[in-house]
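Peer 1: This one is data_11.cif, mmCIF, C-alpha atoms.
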data_work
#
loop_
_atom_site.group_PDB
_atom_site.id
_atom_site.type_symbol
_atom_site.label_atom_id
_atom_site.label_comp_id
_atom_site.auth_asym_id
_atom_site.auth_seq_id
_atom_site.Cartn_x
_atom_site.Cartn_y
_atom_site.Cartn_z
ATOM 1 C CA MET A 17 8.330 67.273 -12.255
ATOM 2 C CA GLU A 18 7.781 64.284 -14.549
ATOM 3 C CA ILE A 19 10.868 63.226 -16.482
ATOM 4 C CA PRO A 20 10.782 60.340 -18.949
ATOM 5 C CA ALA A 21 13.263 57.586 -18.083
ATOM 6 C CA GLU A 22 14.965 57.954 -21.477
ATOM 7 C CA ILE A 23 15.640 61.653 -20.798
ATOM 8 C CA ARG A 24 16.998 60.890 -17.314
ATOM 9 C CA ASP A 25 19.223 58.220 -18.883
ATOM 10 C CA ALA A 26 20.364 60.666 -21.590
ATOM 11 C CA MET A 27 21.391 63.231 -18.951
ATOM 12 C CA VAL A 28 23.316 60.600 -16.991
ATOM 13 C CA GLN A 29 25.004 59.441 -20.211
ATOM 14 C CA HIS A 30 25.894 63.057 -21.024
ATOM 15 C CA ALA A 31 27.453 63.464 -17.562
ATOM 16 C CA LEU A 32 29.467 60.248 -17.935
ATOM 17 C CA GLU A 33 30.691 61.220 -21.422
ATOM 18 C CA GLU A 34 31.890 64.642 -20.238
ATOM 19 C CA ASP A 35 33.516 63.319 -17.045
ATOM 20 C CA PRO A 36 35.847 64.552 -15.559
ATOM 21 C CA ASN A 37 34.319 67.881 -16.654
ATOM 22 C CA GLU A 38 30.831 69.045 -15.785
ATOM 23 C CA CYS A 39 28.142 68.771 -18.438
ATOM 24 C CA CYS A 40 25.157 71.090 -18.834
ATOM 25 C CA GLY A 41 21.889 71.356 -20.673
ATOM 26 C CA ILE A 42 18.212 72.227 -20.710
ATOM 27 C CA LEU A 43 14.995 70.264 -20.277
ATOM 28 C CA ALA A 44 11.882 71.705 -21.884
ATOM 29 C CA GLY A 45 8.211 70.966 -22.109
ATOM 30 C CA ALA A 46 4.818 72.086 -20.891
ATOM 31 C CA GLY A 47 3.613 72.418 -17.323
ATOM 32 C CA ARG A 48 5.460 69.914 -15.161
ATOM 33 C CA ILE A 49 6.013 67.364 -17.945
ATOM 34 C CA VAL A 50 9.421 67.247 -19.651
ATOM 35 C CA LEU A 51 9.206 66.655 -23.398
ATOM 36 C CA GLN A 52 12.682 67.453 -24.737
ATOM 37 C CA HIS A 53 16.334 67.229 -23.651
ATOM 38 C CA TYR A 54 19.008 69.570 -25.024
ATOM 39 C CA ARG A 55 22.712 69.009 -24.470
ATOM 40 C CA ILE A 56 24.634 72.277 -24.406
ATOM 41 C CA THR A 57 28.402 72.601 -24.569
ATOM 42 C CA ASN A 58 30.093 73.602 -21.315
ATOM 43 C CA THR A 59 32.462 76.310 -22.531
ATOM 44 C CA GLU A 60 34.325 76.202 -19.198
ATOM 45 C CA LYS A 61 35.504 72.620 -19.857
ATOM 46 C CA SER A 62 35.980 72.334 -16.094
ATOM 47 C CA PRO A 63 35.269 69.752 -13.385
ATOM 48 C CA TYR A 64 34.197 72.596 -11.073
ATOM 49 C CA ARG A 65 31.914 74.890 -13.059
ATOM 50 C CA TYR A 66 29.864 75.216 -16.185
ATOM 51 C CA SER A 67 28.906 77.947 -18.611
ATOM 52 C CA MET A 68 26.488 77.227 -21.433
ATOM 53 C CA ASP A 69 27.586 78.015 -24.981
ATOM 54 C CA GLY A 70 25.658 81.180 -25.860
ATOM 55 C CA ARG A 71 24.983 80.283 -29.484
ATOM 56 C CA GLU A 72 23.654 76.850 -28.580
ATOM 57 C CA LEU A 73 21.514 78.314 -25.802
ATOM 58 C CA ASN A 74 20.018 80.908 -28.157
ATOM 59 C CA GLN A 75 19.218 78.183 -30.686
ATOM 60 C CA VAL A 76 17.474 76.144 -27.975
ATOM 61 C CA LEU A 77 15.495 79.181 -26.794
ATOM 62 C CA ARG A 78 14.305 79.833 -30.371
ATOM 63 C CA GLU A 79 13.218 76.190 -30.705
ATOM 64 C CA LEU A 80 11.342 76.392 -27.405
ATOM 65 C CA ASP A 81 9.535 79.493 -28.608
ATOM 66 C CA ASP A 82 8.705 77.845 -31.965
ATOM 67 C CA ASN A 83 7.198 74.826 -30.152
ATOM 68 C CA GLY A 84 5.405 76.774 -27.417
ATOM 69 C CA TRP A 85 7.498 75.040 -24.756
ATOM 70 C CA GLU A 86 9.000 76.378 -21.547
ATOM 71 C CA MET A 87 12.551 76.068 -20.270
ATOM 72 C CA GLN A 88 11.681 73.915 -17.286
ATOM 73 C CA VAL A 89 15.056 72.715 -16.018
ATOM 74 C CA ILE A 90 18.697 73.710 -16.209
ATOM 75 C CA TYR A 91 20.846 70.679 -15.508
ATOM 76 C CA HIS A 92 24.496 70.038 -14.910
ATOM 77 C CA SER A 93 26.706 67.414 -13.361
ATOM 78 C CA HIS A 94 28.858 67.329 -10.278
ATOM 79 C CA THR A 95 31.733 64.991 -10.972
ATOM 80 C CA HIS A 96 33.058 64.568 -7.428
ATOM 81 C CA SER A 97 30.429 66.046 -5.121
ATOM 82 C CA PRO A 98 26.822 65.331 -4.132
ATOM 83 C CA ALA A 99 23.804 66.231 -6.265
ATOM 84 C CA TYR A 100 23.184 69.409 -4.296
ATOM 85 C CA PRO A 101 23.645 73.017 -5.491
ATOM 86 C CA SER A 102 27.029 74.476 -4.603
ATOM 87 C CA ASP A 103 27.468 78.070 -3.457
ATOM 88 C CA THR A 104 28.470 78.900 -7.047
ATOM 89 C CA ASP A 105 25.299 77.216 -8.372
ATOM 90 C CA VAL A 106 23.175 79.263 -5.969
ATOM 91 C CA ARG A 107 24.916 82.496 -6.961
ATOM 92 C CA LEU A 108 24.505 81.783 -10.706
ATOM 93 C CA ALA A 109 20.824 80.860 -10.266
ATOM 94 C CA ALA A 110 20.091 84.538 -9.571
ATOM 95 C CA ASN A 111 20.437 85.015 -13.358
ATOM 96 C CA TRP A 112 17.752 82.372 -14.086
ATOM 97 C CA PRO A 113 15.390 82.185 -11.064
ATOM 98 C CA ASP A 114 12.410 80.547 -12.801
ATOM 99 C CA PRO A 115 13.631 77.149 -14.015
ATOM 100 C CA TYR A 116 14.267 74.191 -11.787
ATOM 101 C CA TYR A 117 17.839 73.003 -11.321
ATOM 102 C CA LEU A 118 18.706 69.349 -11.749
ATOM 103 C CA LEU A 119 22.028 67.918 -10.578
ATOM 104 C CA VAL A 120 23.579 64.641 -11.687
ATOM 105 C CA SER A 121 26.223 63.476 -9.216
ATOM 106 C CA LEU A 122 28.894 61.084 -10.454
ATOM 107 C CA MET A 123 30.316 60.350 -7.004
ATOM 108 C CA ASP A 124 29.123 56.776 -7.618
ATOM 109 C CA LYS A 125 29.509 56.312 -11.364
ATOM 110 C CA GLN A 126 27.722 52.956 -11.232
ATOM 111 C CA SER A 127 24.637 54.611 -9.724
ATOM 112 C CA PRO A 128 24.581 58.369 -10.442
ATOM 113 C CA ASP A 129 22.326 60.425 -8.194
ATOM 114 C CA VAL A 130 19.765 62.711 -9.893
ATOM 115 C CA ARG A 131 18.026 65.391 -7.804
ATOM 116 C CA LEU A 132 15.885 68.444 -8.581
ATOM 117 C CA PHE A 133 15.815 71.826 -6.821
ATOM 118 C CA THR A 134 14.377 75.294 -6.897
ATOM 119 C CA ILE A 135 16.782 78.103 -6.122
ATOM 120 C CA TRP A 136 14.958 81.305 -5.328
ATOM 121 C CA ASP A 137 16.593 84.360 -3.788
ATOM 122 C CA GLY A 138 19.466 82.216 -2.491
ATOM 123 C CA THR A 139 17.186 79.607 -0.913
ATOM 124 C CA VAL A 140 17.525 75.996 -2.086
ATOM 125 C CA ALA A 141 14.570 73.610 -1.858
ATOM 126 C CA GLU A 142 14.504 70.035 -3.113
ATOM 127 C CA GLU A 143 11.588 69.091 -5.368
ATOM 128 C CA PRO A 144 10.220 65.631 -6.179
ATOM 129 C CA VAL A 145 11.150 63.979 -9.476
ATOM 130 C CA VAL A 146 8.879 61.352 -10.974
ATOM 131 C CA ILE A 147 10.567 59.164 -13.584
ATOM 132 C CA VAL A 148 7.970 57.944 -16.091
#
Render the structure in this file as structure tokens.
Peer 2:
Amino acid sequence: MEIPAEIRDAMVQHALEEDPNECCGILAGAGRIVLQHYRITNTEKSPYRYSMDGRELNQVLRELDDNGWEMQVIYHSHTHSPAYPSDTDVRLAANWPDPYYLLVSLMDKQSPDVRLFTIWDGTVAEEPVVIV
């Protein structure tokens, strides 16, 4: 997956702004190239879980459809744990099996860790991220 540096930086900034709570959002584009970043409100307002605001998500999905883009990535932050899907993340991914999952870990706030995964039928696999 190719992610522009400014979008990676925007996700990290989003995670830092929402800390100590998790942030969440969507990356969209075409093929394996990310073109757009969407912040979505975490209605859980929790350091341990996220739930995307339904109205905001529906608005994003309409915009994706209008632009002919795909929802490529669902992202969220882990404020005190590694950038690796938790058991809860794996369970929730059953609802959205197609997109990739990107985690931003704030364990080291000076150098947040950004990693990408597929989660399919409970199996987690790390995928390469190319920052362009």
Peer 1: Segment 36-52 of chain A: which residues within 8 Å, counting only C-alpha atoms, same-chain residues fewer than 4 positions away excluded, as a ChimeraX atom specification?
Peer 2: /A:17-20,23,30-31,56-58,61-68,80,85-95
Peer 1: Counting only C-alpha atoms, write as a VMD selection string all protein and nucleic acid residues lying at most 10 Å from (25.7, 74.6, -7.0) in the file's frame.
Peer 2: chain A and resid 64 to 65 92 to 94 97 to 109 117 to 119 135 140
Peer 1: One decimal, Å: what's the distance from atom CA of Glu72 of chain A over to atom CA of Glu60 of chain A, could you say?
Peer 2: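 So the two atoms, atom CA of Glu72 of chain A and atom CA of Glu60 of chain A, lie 14.2 Å apart.
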Peer 1: What is the atom CA of Asp35 of chain A-atom CA of Leu132 of chain A distance in Å, reported with one decimal?
Peer 2: 20.2 Å
Peer 1: Please determine, counting all atoms listed in the file, which residue among A:Arg131, A:His96, A:Arg55, A:Arg78 has the shortest atom-to-atom distance to Gln29 of chain A.
Peer 2: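 Result for the nearest residue to Gln29 of chain A: A:Arg55.
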Peer 1: Could you please fill out segment 89-100 of chain A with N, CA and C atoms and send it back as a PDB file, keeping the file's coordinate frame?
Peer 2:
ATOM      1  N   VAL A  89      13.949  73.159 -16.870  1.00  0.00           N
ATOM      2  CA  VAL A  89      15.056  72.715 -16.018  1.00  0.00           C
ATOM      3  C   VAL A  89      16.384  73.084 -16.658  1.00  0.00           C
ATOM      4  N   ILE A  90      17.289  73.593 -15.846  1.00  0.00           N
ATOM      5  CA  ILE A  90      18.697  73.710 -16.209  1.00  0.00           C
ATOM      6  C   ILE A  90      19.405  72.597 -15.461  1.00  0.00           C
ATOM      7  N   TYR A  91      20.151  71.770 -16.193  1.00  0.00           N
ATOM      8  CA  TYR A  91      20.846  70.679 -15.508  1.00  0.00           C
ATOM      9  C   TYR A  91      22.347  70.780 -15.713  1.00  0.00           C
ATOM     10  N   HIS A  92      23.053  70.212 -14.758  1.00  0.00           N
ATOM     11  CA  HIS A  92      24.496  70.038 -14.910  1.00  0.00           C
ATOM     12  C   HIS A  92      24.952  68.921 -13.982  1.00  0.00           C
ATOM     13  N   SER A  93      26.179  68.510 -14.173  1.00  0.00           N
ATOM     14  CA  SER A  93      26.706  67.414 -13.361  1.00  0.00           C
ATOM     15  C   SER A  93      27.684  67.931 -12.327  1.00  0.00           C
ATOM     16  N   HIS A  94      27.796  67.166 -11.267  1.00  0.00           N
ATOM     17  CA  HIS A  94      28.858  67.329 -10.278  1.00  0.00           C
ATOM     18  C   HIS A  94      29.673  66.048 -10.361  1.00  0.00           C
ATOM     19  N   THR A  95      30.921  66.182 -10.711  1.00  0.00           N
ATOM     20  CA  THR A  95      31.733  64.991 -10.972  1.00  0.00           C
ATOM     21  C   THR A  95      32.279  64.339  -9.703  1.00  0.00           C
ATOM     22  N   HIS A  96      32.462  65.123  -8.646  1.00  0.00           N
ATOM     23  CA  HIS A  96      33.058  64.568  -7.428  1.00  0.00           C
ATOM     24  C   HIS A  96      32.373  65.050  -6.157  1.00  0.00           C
ATOM     25  N   SER A  97      31.143  65.558  -6.298  1.00  0.00           N
ATOM     26  CA  SER A  97      30.429  66.046  -5.121  1.00  0.00           C
ATOM     27  C   SER A  97      28.957  65.638  -5.230  1.00  0.00           C
ATOM     28  N   PRO A  98      28.224  65.761  -4.129  1.00  0.00           N
ATOM     29  CA  PRO A  98      26.822  65.331  -4.132  1.00  0.00           C
ATOM     30  C   PRO A  98      25.950  66.129  -5.106  1.00  0.00           C
ATOM     31  N   ALA A  99      24.799  65.577  -5.411  1.00  0.00           N
ATOM     32  CA  ALA A  99      23.804  66.231  -6.265  1.00  0.00           C
ATOM     33  C   ALA A  99      23.049  67.255  -5.419  1.00  0.00           C
ATOM     34  N   TYR A 100      23.760  68.317  -5.074  1.00  0.00           N
ATOM     35  CA  TYR A 100      23.184  69.409  -4.296  1.00  0.00           C
ATOM     36  C   TYR A 100      23.837  70.700  -4.781  1.00  0.00           C
TER      37      TYR A 100
END
